[in-house]
file entry.pdb (PDB, C-alpha atoms)
ATOM      1  CA  MET A 263      12.878 -24.220 -17.111
ATOM      2  CA  ARG A 264      15.283 -22.097 -15.078
ATOM      3  CA  ALA A 265      13.755 -19.834 -12.419
ATOM      4  CA  ILE A 266      14.494 -17.937  -9.215
ATOM      5  CA  LYS A 267      12.540 -19.015  -6.144
ATOM      6  CA  ILE A 268      12.093 -17.669  -2.631
ATOM      7  CA  THR A 269      13.497 -20.412  -0.390
ATOM      8  CA  LYS A 270      12.130 -18.853   2.810
ATOM      9  CA  ALA A 271      11.086 -15.451   4.091
ATOM     10  CA  GLY A 272      14.158 -13.280   4.512
ATOM     11  CA  GLY A 273      16.674 -10.985   2.872
ATOM     12  CA  PRO A 274      17.889 -10.992  -0.739
ATOM     13  CA  GLU A 275      20.105 -14.023  -0.019
ATOM     14  CA  VAL A 276      17.005 -16.305   0.107
ATOM     15  CA  LEU A 277      16.562 -15.934  -3.667
ATOM     16  CA  LYS A 278      17.992 -19.075  -5.278
ATOM     17  CA  ALA A 279      18.085 -20.605  -8.740
ATOM     18  CA  CYS A 280      15.900 -23.640  -9.346
ATOM     19  CA  GLU A 281      14.294 -25.738 -12.061
ATOM     20  CA  ARG A 282      10.522 -25.640 -12.506
ATOM     21  CA  PRO A 283       8.080 -27.296 -14.926
ATOM     22  CA  MET A 284       7.046 -25.286 -17.959
ATOM     23  CA  PRO A 285       3.760 -23.422 -17.381
ATOM     24  CA  GLU A 286       0.789 -24.248 -19.594
ATOM     25  CA  ALA A 287      -1.683 -21.862 -21.182
ATOM     26  CA  GLY A 288      -5.175 -22.249 -19.743
ATOM     27  CA  ALA A 289      -8.342 -20.749 -21.188
ATOM     28  CA  GLY A 290      -7.769 -17.096 -21.986
ATOM     29  CA  GLN A 291      -4.048 -17.362 -21.238
ATOM     30  CA  VAL A 292      -0.750 -17.239 -23.089
ATOM     31  CA  VAL A 293       2.707 -18.539 -22.233
ATOM     32  CA  ILE A 294       5.499 -16.031 -22.803
ATOM     33  CA  LYS A 295       9.170 -16.830 -23.338
ATOM     34  CA  VAL A 296      10.593 -14.149 -21.067
ATOM     35  CA  ALA A 297      13.209 -11.792 -22.483
ATOM     36  CA  TYR A 298      13.328  -9.404 -19.502
ATOM     37  CA  THR A 299      11.465  -9.082 -16.235
ATOM     38  CA  GLY A 300      11.040  -5.969 -14.124
ATOM     39  CA  VAL A 301      12.095  -5.816 -10.474
ATOM     40  CA  ASN A 302       9.575  -4.129  -8.185
ATOM     41  CA  ARG A 303       9.179  -3.408  -4.487
ATOM     42  CA  PRO A 304       6.268  -5.890  -4.175
ATOM     43  CA  ASP A 305       8.775  -8.604  -5.208
ATOM     44  CA  ALA A 306      10.944  -7.647  -2.234
ATOM     45  CA  LEU A 307       7.929  -7.569   0.079
ATOM     46  CA  GLN A 308       6.908 -11.054  -1.086
ATOM     47  CA  ARG A 309      10.451 -12.295  -0.528
ATOM     48  CA  ALA A 310      10.396 -10.881   3.012
ATOM     49  CA  GLY A 311       7.140 -12.706   3.769
ATOM     50  CA  LEU A 312       5.064  -9.505   3.845
ATOM     51  CA  TYR A 313       3.059  -9.833   0.617
ATOM     52  CA  ALA A 314       1.643 -13.273  -0.124
ATOM     53  CA  PRO A 315       0.729 -14.056  -3.734
ATOM     54  CA  PRO A 316      -2.938 -14.767  -4.556
ATOM     55  CA  PRO A 317      -3.900 -18.442  -4.091
ATOM     56  CA  ASP A 318      -4.022 -19.137  -7.835
ATOM     57  CA  ALA A 319      -0.748 -17.332  -8.684
ATOM     58  CA  SER A 320       2.764 -18.713  -9.069
ATOM     59  CA  ASP A 321       4.861 -18.610  -5.908
ATOM     60  CA  LEU A 322       7.766 -17.292  -7.996
ATOM     61  CA  PRO A 323       8.276 -13.513  -7.801
ATOM     62  CA  GLY A 324       7.988 -11.246 -10.815
ATOM     63  CA  LEU A 325       4.979  -9.104 -11.750
ATOM     64  CA  GLU A 326       5.906  -7.943 -15.261
ATOM     65  CA  ALA A 327       7.836  -9.191 -18.263
ATOM     66  CA  SER A 328       8.468  -8.749 -21.957
ATOM     67  CA  GLY A 329       8.976 -11.527 -24.456
ATOM     68  CA  GLU A 330       7.478 -13.690 -27.184
ATOM     69  CA  VAL A 331       4.227 -15.632 -27.043
ATOM     70  CA  VAL A 332       5.038 -19.353 -27.435
ATOM     71  CA  ALA A 333       1.673 -20.933 -26.556
ATOM     72  CA  VAL A 334      -1.952 -19.805 -26.488
ATOM     73  CA  GLY A 335      -4.951 -21.221 -24.694
ATOM     74  CA  PRO A 336      -8.578 -21.390 -25.868
ATOM     75  CA  GLY A 337     -10.300 -18.077 -26.525
ATOM     76  CA  VAL A 338      -7.141 -16.062 -27.167
ATOM     77  CA  SER A 339      -6.716 -13.665 -30.101
ATOM     78  CA  LEU A 340      -2.936 -13.368 -29.716
ATOM     79  CA  SER A 341      -0.759 -15.637 -31.845
ATOM     80  CA  VAL A 342       2.419 -17.597 -31.279
ATOM     81  CA  GLY A 343       5.309 -15.314 -32.175
ATOM     82  CA  ASP A 344       3.673 -12.080 -31.017
ATOM     83  CA  LYS A 345       6.011  -9.787 -29.078
ATOM     84  CA  VAL A 346       4.368  -8.448 -25.931
ATOM     85  CA  CYS A 347       4.886  -6.993 -22.500
ATOM     86  CA  ALA A 348       2.560  -8.223 -19.804
ATOM     87  CA  LEU A 349       1.294  -7.721 -16.290
ATOM     88  CA  LEU A 350       1.777 -10.975 -14.381
ATOM     89  CA  PRO A 351       0.117 -12.515 -11.308
ATOM     90  CA  GLY A 352       3.618 -13.778 -10.416
ATOM     91  CA  GLY A 353       6.232 -15.999 -12.003
ATOM     92  CA  GLY A 354       8.257 -13.438 -13.943
ATOM     93  CA  TYR A 355      11.600 -14.575 -12.508
ATOM     94  CA  ALA A 356      11.659 -17.516 -14.917
ATOM     95  CA  GLU A 357      12.358 -18.428 -18.518
ATOM     96  CA  TYR A 358       8.636 -18.883 -19.254
ATOM     97  CA  VAL A 359       5.508 -17.491 -17.613
ATOM     98  CA  ALA A 360       1.743 -17.841 -18.078
ATOM     99  CA  THR A 361      -0.623 -14.890 -17.806
ATOM    100  CA  SER A 362      -3.993 -13.679 -19.015
ATOM    101  CA  ALA A 363      -3.893 -12.659 -22.663
ATOM    102  CA  SER A 364      -5.994  -9.613 -21.763
ATOM    103  CA  HIS A 365      -3.114  -8.338 -19.603
ATOM    104  CA  CYS A 366      -0.680  -8.335 -22.536
ATOM    105  CA  LEU A 367       0.123  -5.219 -24.520
ATOM    106  CA  PRO A 368       2.192  -4.815 -27.691
ATOM    107  CA  ILE A 369       5.755  -3.568 -27.455
ATOM    108  CA  PRO A 370       5.485   0.201 -28.105
ATOM    109  CA  ASP A 371       6.884   1.358 -31.440
ATOM    110  CA  GLY A 372      10.652   1.661 -31.362
ATOM    111  CA  MET A 373      11.026   0.368 -27.806
ATOM    112  CA  SER A 374      13.432  -2.395 -26.783
ATOM    113  CA  MET A 375      12.319  -5.536 -24.969
ATOM    114  CA  ARG A 376      14.380  -4.380 -21.986
ATOM    115  CA  ASP A 377      12.541  -1.091 -21.627
ATOM    116  CA  ALA A 378       9.149  -2.661 -22.367
ATOM    117  CA  ALA A 379       9.590  -5.074 -19.455
ATOM    118  CA  CYS A 380       9.583  -2.038 -17.148
ATOM    119  CA  LEU A 381       6.170  -0.805 -18.264
ATOM    120  CA  PRO A 382       3.326  -3.020 -17.013
ATOM    121  CA  GLU A 383       3.527  -2.964 -13.211
ATOM    122  CA  THR A 384       4.174   0.764 -12.950
ATOM    123  CA  TYR A 385       1.913   1.927 -15.779
ATOM    124  CA  PHE A 386      -1.031  -0.239 -14.686
ATOM    125  CA  THR A 387      -0.548   1.064 -11.128
ATOM    126  CA  VAL A 388      -0.158   4.733 -12.016
ATOM    127  CA  TRP A 389      -2.904   4.886 -14.625
ATOM    128  CA  SER A 390      -5.472   3.080 -12.473
ATOM    129  CA  ASN A 391      -4.735   5.122  -9.340
ATOM    130  CA  VAL A 392      -3.922   8.571 -10.685
ATOM    131  CA  PHE A 393      -6.372   8.764 -13.588
ATOM    132  CA  MET A 394      -9.080   6.132 -13.105
ATOM    133  CA  ARG A 395      -9.383   6.289  -9.305
ATOM    134  CA  GLY A 396      -7.875   9.711  -8.626
ATOM    135  CA  GLY A 397      -9.493  11.447 -11.598
ATOM    136  CA  LEU A 398      -6.549  13.733 -12.375
ATOM    137  CA  LYS A 399      -7.409  16.459 -14.886
ATOM    138  CA  GLY A 400      -5.335  18.920 -16.862
ATOM    139  CA  GLY A 401      -4.478  22.040 -14.878
ATOM    140  CA  GLU A 402      -4.776  20.336 -11.481
ATOM    141  CA  ARG A 403      -1.938  20.275  -8.964
ATOM    142  CA  PHE A 404      -0.592  16.750  -8.490
ATOM    143  CA  LEU A 405       1.879  15.634  -5.822
ATOM    144  CA  VAL A 406       3.626  12.252  -5.963
ATOM    145  CA  HIS A 407       5.838  11.001  -3.159
ATOM    146  CA  GLY A 408       8.882   8.897  -4.014
ATOM    147  CA  GLY A 409       9.240  10.838  -7.225
ATOM    148  CA  SER A 410      12.491   9.114  -8.231
ATOM    149  CA  SER A 411      11.057   5.588  -7.908
ATOM    150  CA  GLY A 412       9.664   3.571 -10.797
ATOM    151  CA  ILE A 413       6.149   4.629  -9.801
ATOM    152  CA  GLY A 414       7.248   8.225  -9.280
ATOM    153  CA  THR A 415       9.092   8.681 -12.566
ATOM    154  CA  THR A 416       6.099   7.178 -14.388
ATOM    155  CA  ALA A 417       3.556   9.329 -12.532
ATOM    156  CA  ILE A 418       5.489  12.546 -13.163
ATOM    157  CA  GLN A 419       5.690  11.930 -16.901
ATOM    158  CA  LEU A 420       2.076  10.824 -17.311
ATOM    159  CA  ALA A 421       0.636  13.652 -15.227
ATOM    160  CA  LYS A 422       2.722  16.194 -17.128
ATOM    161  CA  ALA A 423       1.712  14.695 -20.483
ATOM    162  CA  PHE A 424      -1.964  15.108 -19.589
ATOM    163  CA  GLY A 425      -1.563  18.725 -18.566
ATOM    164  CA  ALA A 426      -1.306  18.650 -14.769
ATOM    165  CA  ARG A 427       1.012  20.798 -12.669
ATOM    166  CA  VAL A 428       3.338  18.216 -11.142
ATOM    167  CA  PHE A 429       5.107  18.263  -7.775
ATOM    168  CA  ALA A 430       7.149  15.521  -6.134
ATOM    169  CA  THR A 431       9.205  14.577  -3.117
ATOM    170  CA  ALA A 432      12.566  12.795  -3.061
ATOM    171  CA  GLY A 433      15.465  12.331  -0.661
ATOM    172  CA  SER A 434      18.474  13.926  -2.377
ATOM    173  CA  ALA A 435      19.396  16.799  -4.654
ATOM    174  CA  ASP A 436      20.235  14.407  -7.498
ATOM    175  CA  LYS A 437      16.862  12.696  -7.207
ATOM    176  CA  CYS A 438      15.045  16.030  -7.071
ATOM    177  CA  ASP A 439      16.926  17.190 -10.173
ATOM    178  CA  ALA A 440      15.869  13.999 -11.980
ATOM    179  CA  CYS A 441      12.223  14.559 -11.055
ATOM    180  CA  GLU A 442      12.307  18.125 -12.327
ATOM    181  CA  GLU A 443      13.995  17.055 -15.567
ATOM    182  CA  LEU A 444      11.100  14.631 -16.113
ATOM    183  CA  GLY A 445       8.523  17.377 -15.731
ATOM    184  CA  ALA A 446       7.979  18.170 -12.055
ATOM    185  CA  GLU A 447       7.488  21.890 -11.491
ATOM    186  CA  LYS A 448       9.093  21.477  -8.069
ATOM    187  CA  CYS A 449      10.558  18.495  -6.220
ATOM    188  CA  PHE A 450      10.826  18.891  -2.454
ATOM    189  CA  ASN A 451      13.865  17.322  -0.812
ATOM    190  CA  TYR A 452      12.071  15.851   2.184
ATOM    191  CA  ARG A 453      15.286  15.858   4.230
ATOM    192  CA  GLU A 454      15.521  19.644   3.948
ATOM    193  CA  GLU A 455      12.108  21.030   2.930
ATOM    194  CA  ASP A 456       8.522  20.815   4.212
ATOM    195  CA  PHE A 457       6.321  19.668   1.353
ATOM    196  CA  VAL A 458       3.215  20.661   3.341
ATOM    197  CA  GLU A 459       4.172  24.328   3.357
ATOM    198  CA  GLY A 460       5.398  24.059  -0.214
ATOM    199  CA  MET A 461       2.058  22.717  -1.459
ATOM    200  CA  LYS A 462       0.065  25.234   0.591
ATOM    201  CA  ALA A 463       2.075  27.999  -1.070
ATOM    202  CA  VAL A 464       0.767  26.963  -4.508
ATOM    203  CA  GLY A 465      -2.833  26.440  -3.385
ATOM    204  CA  GLY A 466      -2.678  22.855  -2.158
ATOM    205  CA  ALA A 467      -2.684  19.583  -4.052
ATOM    206  CA  ASN A 468      -5.795  18.523  -5.907
ATOM    207  CA  LEU A 469      -4.457  14.954  -5.933
ATOM    208  CA  ILE A 470      -1.705  13.162  -3.997
ATOM    209  CA  LEU A 471      -0.339   9.705  -4.798
ATOM    210  CA  ASP A 472       1.339   8.249  -1.717
ATOM    211  CA  MET A 473       3.134   5.019  -0.891
ATOM    212  CA  VAL A 474       4.701   6.164   2.380
ATOM    213  CA  GLY A 475       1.826   6.250   4.874
ATOM    214  CA  GLY A 476       2.631   6.599   8.581
ATOM    215  CA  GLU A 477       3.228  10.229   9.520
ATOM    216  CA  TYR A 478       2.694  11.235   5.894
ATOM    217  CA  ILE A 479      -1.047  10.545   6.186
ATOM    218  CA  ASN A 480      -1.639  13.635   8.334
ATOM    219  CA  ARG A 481       0.834  15.702   6.344
ATOM    220  CA  ASN A 482      -0.854  14.707   3.097
ATOM    221  CA  ILE A 483      -4.261  15.730   4.410
ATOM    222  CA  LYS A 484      -2.837  19.115   5.393
ATOM    223  CA  SER A 485      -1.348  19.465   1.900
ATOM    224  CA  LEU A 486      -4.628  18.943   0.060
ATOM    225  CA  ALA A 487      -6.672  21.731  -1.459
ATOM    226  CA  MET A 488     -10.409  21.966  -0.809
ATOM    227  CA  GLU A 489     -12.071  18.857  -2.315
ATOM    228  CA  GLY A 490      -8.633  17.292  -2.797
ATOM    229  CA  ARG A 491      -8.077  13.554  -3.227
ATOM    230  CA  LEU A 492      -5.488  11.319  -1.569
ATOM    231  CA  VAL A 493      -4.771   7.935  -3.161
ATOM    232  CA  GLN A 494      -2.769   5.446  -1.087
ATOM    233  CA  ILE A 495      -0.943   2.585  -2.825
ATOM    234  CA  ALA A 496       1.407   1.368  -0.068
ATOM    235  CA  PHE A 497       2.396   1.980   3.554
ATOM    236  CA  LEU A 498       6.188   1.865   3.667
ATOM    237  CA  GLN A 499       6.180   3.705   7.001
ATOM    238  CA  GLY A 500       3.171   1.881   8.433
ATOM    239  CA  SER A 501      -0.587   1.827   7.999
ATOM    240  CA  LYS A 502      -1.619   3.418  11.307
ATOM    241  CA  ALA A 503      -1.966   7.112  12.122
ATOM    242  CA  ASP A 504      -3.903   9.304  14.556
ATOM    243  CA  VAL A 505      -6.010  11.440  12.220
ATOM    244  CA  ASN A 506      -8.636  14.125  12.781
ATOM    245  CA  TRP A 507     -11.121  12.792  10.247
ATOM    246  CA  ALA A 508     -13.369  15.831  10.627
ATOM    247  CA  GLN A 509     -11.118  17.434   8.014
ATOM    248  CA  LEU A 510     -12.586  15.122   5.381
ATOM    249  CA  MET A 511     -16.045  16.568   5.983
ATOM    250  CA  MET A 512     -15.068  20.180   6.523
ATOM    251  CA  ARG A 513     -12.873  20.335   3.402
ATOM    252  CA  ARG A 514     -14.781  17.698   1.397
ATOM    253  CA  LEU A 515     -11.704  15.526   0.921
ATOM    254  CA  THR A 516     -11.521  12.025  -0.558
ATOM    255  CA  PHE A 517      -9.168   9.378   0.855
ATOM    256  CA  THR A 518      -9.003   6.175  -1.170
ATOM    257  CA  GLY A 519      -6.479   3.569  -2.299
ATOM    258  CA  SER A 520      -5.935   0.254  -3.999
ATOM    259  CA  THR A 521      -3.573  -2.628  -4.604
ATOM    260  CA  LEU A 522      -3.164  -4.030  -8.104
ATOM    261  CA  ARG A 523      -2.246  -7.695  -7.717
ATOM    262  CA  PRO A 524      -5.449  -8.963  -5.999
ATOM    263  CA  GLN A 525      -7.785  -7.296  -8.520
ATOM    264  CA  SER A 526      -9.810  -9.463 -10.890
ATOM    265  CA  ASP A 527      -8.655 -10.362 -14.373
ATOM    266  CA  ALA A 528     -11.514  -8.253 -15.735
ATOM    267  CA  ALA A 529     -10.416  -5.192 -13.742
ATOM    268  CA  LYS A 530      -6.836  -5.527 -14.962
ATOM    269  CA  ALA A 531      -8.051  -6.028 -18.535
ATOM    270  CA  ALA A 532     -10.013  -2.779 -18.290
ATOM    271  CA  ILE A 533      -6.834  -0.969 -17.218
ATOM    272  CA  ALA A 534      -4.949  -2.555 -20.122
ATOM    273  CA  ASP A 535      -7.603  -1.333 -22.566
ATOM    274  CA  GLN A 536      -7.262   2.243 -21.315
ATOM    275  CA  LEU A 537      -3.468   2.086 -21.465
ATOM    276  CA  ARG A 538      -3.628   0.819 -25.045
ATOM    277  CA  GLU A 539      -5.896   3.715 -26.032
ATOM    278  CA  HIS A 540      -4.484   6.626 -24.053
ATOM    279  CA  VAL A 541      -0.875   5.844 -23.100
ATOM    280  CA  TRP A 542       0.689   3.489 -25.650
ATOM    281  CA  PRO A 543       0.557   6.156 -28.407
ATOM    282  CA  LEU A 544       2.556   8.486 -26.130
ATOM    283  CA  LEU A 545       5.166   5.781 -25.541
ATOM    284  CA  GLY A 546       5.362   5.012 -29.256
ATOM    285  CA  ALA A 547       5.864   8.706 -30.015
ATOM    286  CA  GLY A 548       8.625   8.983 -27.407
ATOM    287  CA  ARG A 549       6.757  11.601 -25.354
ATOM    288  CA  ILE A 550       7.111   9.452 -22.237
ATOM    289  CA  LYS A 551       9.440   6.554 -21.473
ATOM    290  CA  PRO A 552      10.482   4.158 -18.718
ATOM    291  CA  ILE A 553      13.526   5.296 -16.781
ATOM    292  CA  VAL A 554      15.820   2.266 -16.499
ATOM    293  CA  TYR A 555      18.538   2.595 -13.860
ATOM    294  CA  LYS A 556      20.314  -0.759 -14.103
ATOM    295  CA  GLU A 557      20.116  -4.156 -15.785
ATOM    296  CA  PHE A 558      20.930  -7.429 -14.013
ATOM    297  CA  SER A 559      21.022 -11.048 -15.125
ATOM    298  CA  LEU A 560      18.464 -13.453 -13.672
ATOM    299  CA  ASP A 561      21.230 -15.021 -11.582
ATOM    300  CA  GLU A 562      21.819 -11.595 -10.012
ATOM    301  CA  ALA A 563      18.321 -11.393  -8.536
ATOM    302  CA  ALA A 564      19.696 -11.012  -4.992
ATOM    303  CA  ASP A 565      21.843  -8.071  -6.108
ATOM    304  CA  ALA A 566      18.833  -6.463  -7.770
ATOM    305  CA  HIS A 567      16.806  -6.778  -4.570
ATOM    306  CA  THR A 568      19.638  -5.345  -2.500
ATOM    307  CA  LEU A 569      19.731  -2.274  -4.721
ATOM    308  CA  MET A 570      15.926  -2.028  -4.729
ATOM    309  CA  GLU A 571      15.805  -1.947  -0.950
ATOM    310  CA  SER A 572      18.623   0.596  -0.706
ATOM    311  CA  SER A 573      16.507   3.133  -2.642
ATOM    312  CA  ALA A 574      19.757   4.387  -4.202
ATOM    313  CA  HIS A 575      18.380   4.065  -7.730
ATOM    314  CA  ILE A 576      16.340   6.416  -9.907
ATOM    315  CA  GLY A 577      13.634   4.716 -11.957
ATOM    316  CA  LYS A 578      13.380   1.003 -12.672
ATOM    317  CA  LEU A 579      15.521  -2.109 -12.272
ATOM    318  CA  VAL A 580      15.290  -4.926 -14.806
ATOM    319  CA  MET A 581      16.646  -8.466 -15.136
ATOM    320  CA  ARG A 582      17.721 -10.062 -18.399
ATOM    321  CA  VAL A 583      16.375 -13.600 -18.824
ATOM    322  CA  ALA A 584      16.815 -14.391 -22.526
ATOM    323  CA  GLY A 585      17.584 -10.934 -23.914
ATOM    324  CA  GLU A 586      16.252  -9.469 -27.164
TER     325      GLU A 586
END

call {"tool": "encode", "arguments": {"input": "entry.pdb", "output": "structure tokens"}}
result
Amino acid sequence: MRAIKITKAGGPEVLKACERPMPEAGAGQVVIKVAYTGVNRPDALQRAGLYAPPPDASDLPGLEASGEVVAVGPGVSLSVGDKVCALLPGGGYAEYVATSASHCLPIPDGMSMRDAACLPETYFTVWSNVFMRGGLKGGERFLVHGGSSGIGTTAIQLAKAFGARVFATAGSADKCDACEELGAEKCFNYREEDFVEGMKAVGGANLILDMVGGEYINRNIKSLAMEGRLVQIAFLQGSKADVNWAQLMMRRLTFTGSTLRPQSDAAKAAIADQLREHVWPLLGAGRIKPIVYKEFSLDEAADAHTLMESSAHIGKLVMRVAGE
């Protein structure tokens, strides 16, 4: 099968086409003929040598895909011919990929394969961190950094749909406008505005979802309301900060975080079950949707990574492998 491999740690130019053997479906697994695969920042981190795949995962990048089931292993209820989108342990930059059947979800009603390929990585991440780990409730004040990213545009829509007051940060007027159109009450342009003062003015955030880290750690803590929660999902500006941790005790704060890829199959299956129950009906009804910025071909993987790392996009990037 045709695939895109990482030839060595480096920039987008290290992504090259190759031929690989067809994957096989093990117990509890399916093989999917990939129609589209999403492009995510963890793919770029893996390519740069900063995010190694789990030992039992494919070395090919690609953490989500949509397509058709073409083979099933023992103990699988899905059937050949089923159309699905799926969270992957890796291997999405290829014509075929194997993954756990429990990490597959049906294509939402009325949604294209292209858009469905942009769901799993971001929706698994947002749902597990904002709702399962962060415990967001209706009426609470929620702040998401990187509001115009794939994670951000998903978090804004989901939080709004479940009744939260949503705030965001982004780096340009256009990006802030996009966040507010999706449901943010206010998006702070971090180049011109202080989100700390902005959040204090509305009573502080009950929950913050952050992927920035670095200097934002202290600023996030200052932005939290009493008994607020901070959920960390990445450290784009570094994982070290000088913090007065007494604030956690005095204001009864919670600081937690997670990464998705290393979690067990059972943990990911539990997230999939909650998405199927609580979120897929909203997608099928058109109340929320993936925001797709640009489509590339599989051979344009380097171009997709270049755009990803520029942060010039709003929403998700996707690559066409076989199409609809």

call {"tool": "resolve_selection", "arguments": {"input": "entry.pdb", "expression": "the PyMOL selection byres ((chain A and resi 395-404) around 10)", "output": "JSON, numbers by chain"}}
result
{"A": [388, 389, 390, 391, 392, 393, 394, 405, 406, 417, 418, 421, 422, 423, 424, 425, 426, 427, 428, 429, 430, 446, 447, 461, 464, 465, 466, 467, 468, 469, 470, 471, 486, 487, 490, 491, 492, 493, 516, 517, 518, 519, 520]}

call {"tool": "residues_around", "arguments": {"input": "entry.pdb", "residues": "stretch 368-371 of chain A", "least_positions_apart": "6", "cutoff": "12 Å", "atoms": "only C-alpha atoms", "output": "JSON, numbers by chain"}}
result
{"A": [327, 328, 329, 330, 331, 340, 341, 343, 344, 345, 346, 347, 348, 349, 377, 378, 379, 380, 381, 382, 534, 535, 537, 538, 539, 541, 542, 543, 544, 545, 546, 547, 548, 549, 550, 551, 552]}

call {"tool": "residues_around", "arguments": {"input": "entry.pdb", "residues": "A:Ser501", "least_positions_apart": "2", "cutoff": "7 Å", "atoms": "all atoms listed in the file", "output": "JSON, numbers by chain"}}
result
{"A": [475, 476, 497, 503]}

call {"tool": "residues_near_point", "arguments": {"input": "entry.pdb", "point": "(-8.4, -20.0, -21.4)", "cutoff": "8 Å", "atoms": "only C-alpha atoms", "output": "PyMOL selection string"}}
result
chain A and resi 287-291+335-338

call {"tool": "resolve_selection", "arguments": {"input": "entry.pdb", "expression": "the PyMOL selection byres ((chain A and resi 280) around 10)", "output": "PyMOL selection string"}}
result
chain A and resi 263-269+277-279+281-282+356

call {"tool": "closest_residue", "arguments": {"input": "entry.pdb", "among": "A:Val296, A:Ala306, A:Val505, A:Leu312", "to": "A:Thr568", "atoms": "all atoms listed in the file"}}
result
A:Ala306

call {"tool": "closest_atom_pairs", "arguments": {"input": "entry.pdb", "of": "stretch 272-373 of chain A", "to": "stretch 528-532 of chain A", "cutoff": "10 Å", "atoms": "all atoms listed in the file", "output": "Markdown table"}}
result
| residue | atom | partner | partner_atom | distance |
| --- | --- | --- | --- | --- |
| A:Leu349 | CA | A:Lys530 | CA | 8.5 |
| A:Ser362 | CA | A:Ala531 | CA | 8.7 |
| A:Ala363 | CA | A:Ala531 | CA | 8.8 |
| A:Ser364 | CA | A:Ala531 | CA | 5.2 |
| A:His365 | CA | A:Ala531 | CA | 5.6 |
| A:Cys366 | CA | A:Ala531 | CA | 8.7 |

call {"tool": "closest_atom_pairs", "arguments": {"input": "entry.pdb", "of": "stretch 334-371 of chain A", "to": "stretch 316-324 of chain A", "cutoff": "6 Å", "atoms": "all atoms listed in the file", "output": "CSV"}}
result
residue,atom,partner,partner_atom,distance
A:Pro351,CA,A:Ala319,CA,5.6
A:Gly352,CA,A:Gly324,CA,5.1
A:Gly353,CA,A:Leu322,CA,4.5
A:Gly354,CA,A:Gly324,CA,3.8
A:Tyr355,CA,A:Gly324,CA,5.2

call {"tool": "atom_distance", "arguments": {"input": "entry.pdb", "atom1": "atom CA of A:Lys462", "atom2": "atom CA of A:Ala435"}}
result
21.7 Å

call {"tool": "atom_distance", "arguments": {"input": "entry.pdb", "atom1": "atom CA of A:Ala271", "atom2": "atom CA of A:Arg523"}}
result
19.4 Å

call {"tool": "atom_distance", "arguments": {"input": "entry.pdb", "atom1": "atom CA of A:Met570", "atom2": "atom CA of A:Pro304"}}
result
10.4 Å

call {"tool": "axis_aligned_box", "arguments": {"input": "entry.pdb", "around": "stretch 288-292 of chain A", "padding_each_side": "8 Å", "output": "lines of an AutoDock Vina configuration file"}}
result
center_x = -4.5
center_y = -19.7
center_z = -21.4
size_x = 23.6
size_y = 21.2
size_z = 19.3

call {"tool": "residues_near_point", "arguments": {"input": "entry.pdb", "point": "(18.1, -14.0, -19.6)", "cutoff": "10 Å", "atoms": "all atoms listed in the file", "output": "list in words"}}
result
Arg264, Val296, Ala297, Tyr298, Thr299, Tyr355, Ala356, Glu357, Phe558, Ser559, Leu560, Asp561, Met581, Arg582, Val583, Ala584, Gly585 and Glu586 of chain A

call {"tool": "resolve_selection", "arguments": {"input": "entry.pdb", "expression": "the PyMOL selection byres ((chain A and resi 411) around 12)", "output": "number ranges by chain"}}
result
A: 301-303, 384, 388, 406-410, 412-418, 430-433, 437-438, 440-441, 472-473, 552-555, 570-579

call {"tool": "closest_residue", "arguments": {"input": "entry.pdb", "among": "A:Met284, A:Val292, A:Leu420, A:Ala314", "to": "A:His540", "atoms": "all atoms listed in the file"}}
result
A:Leu420
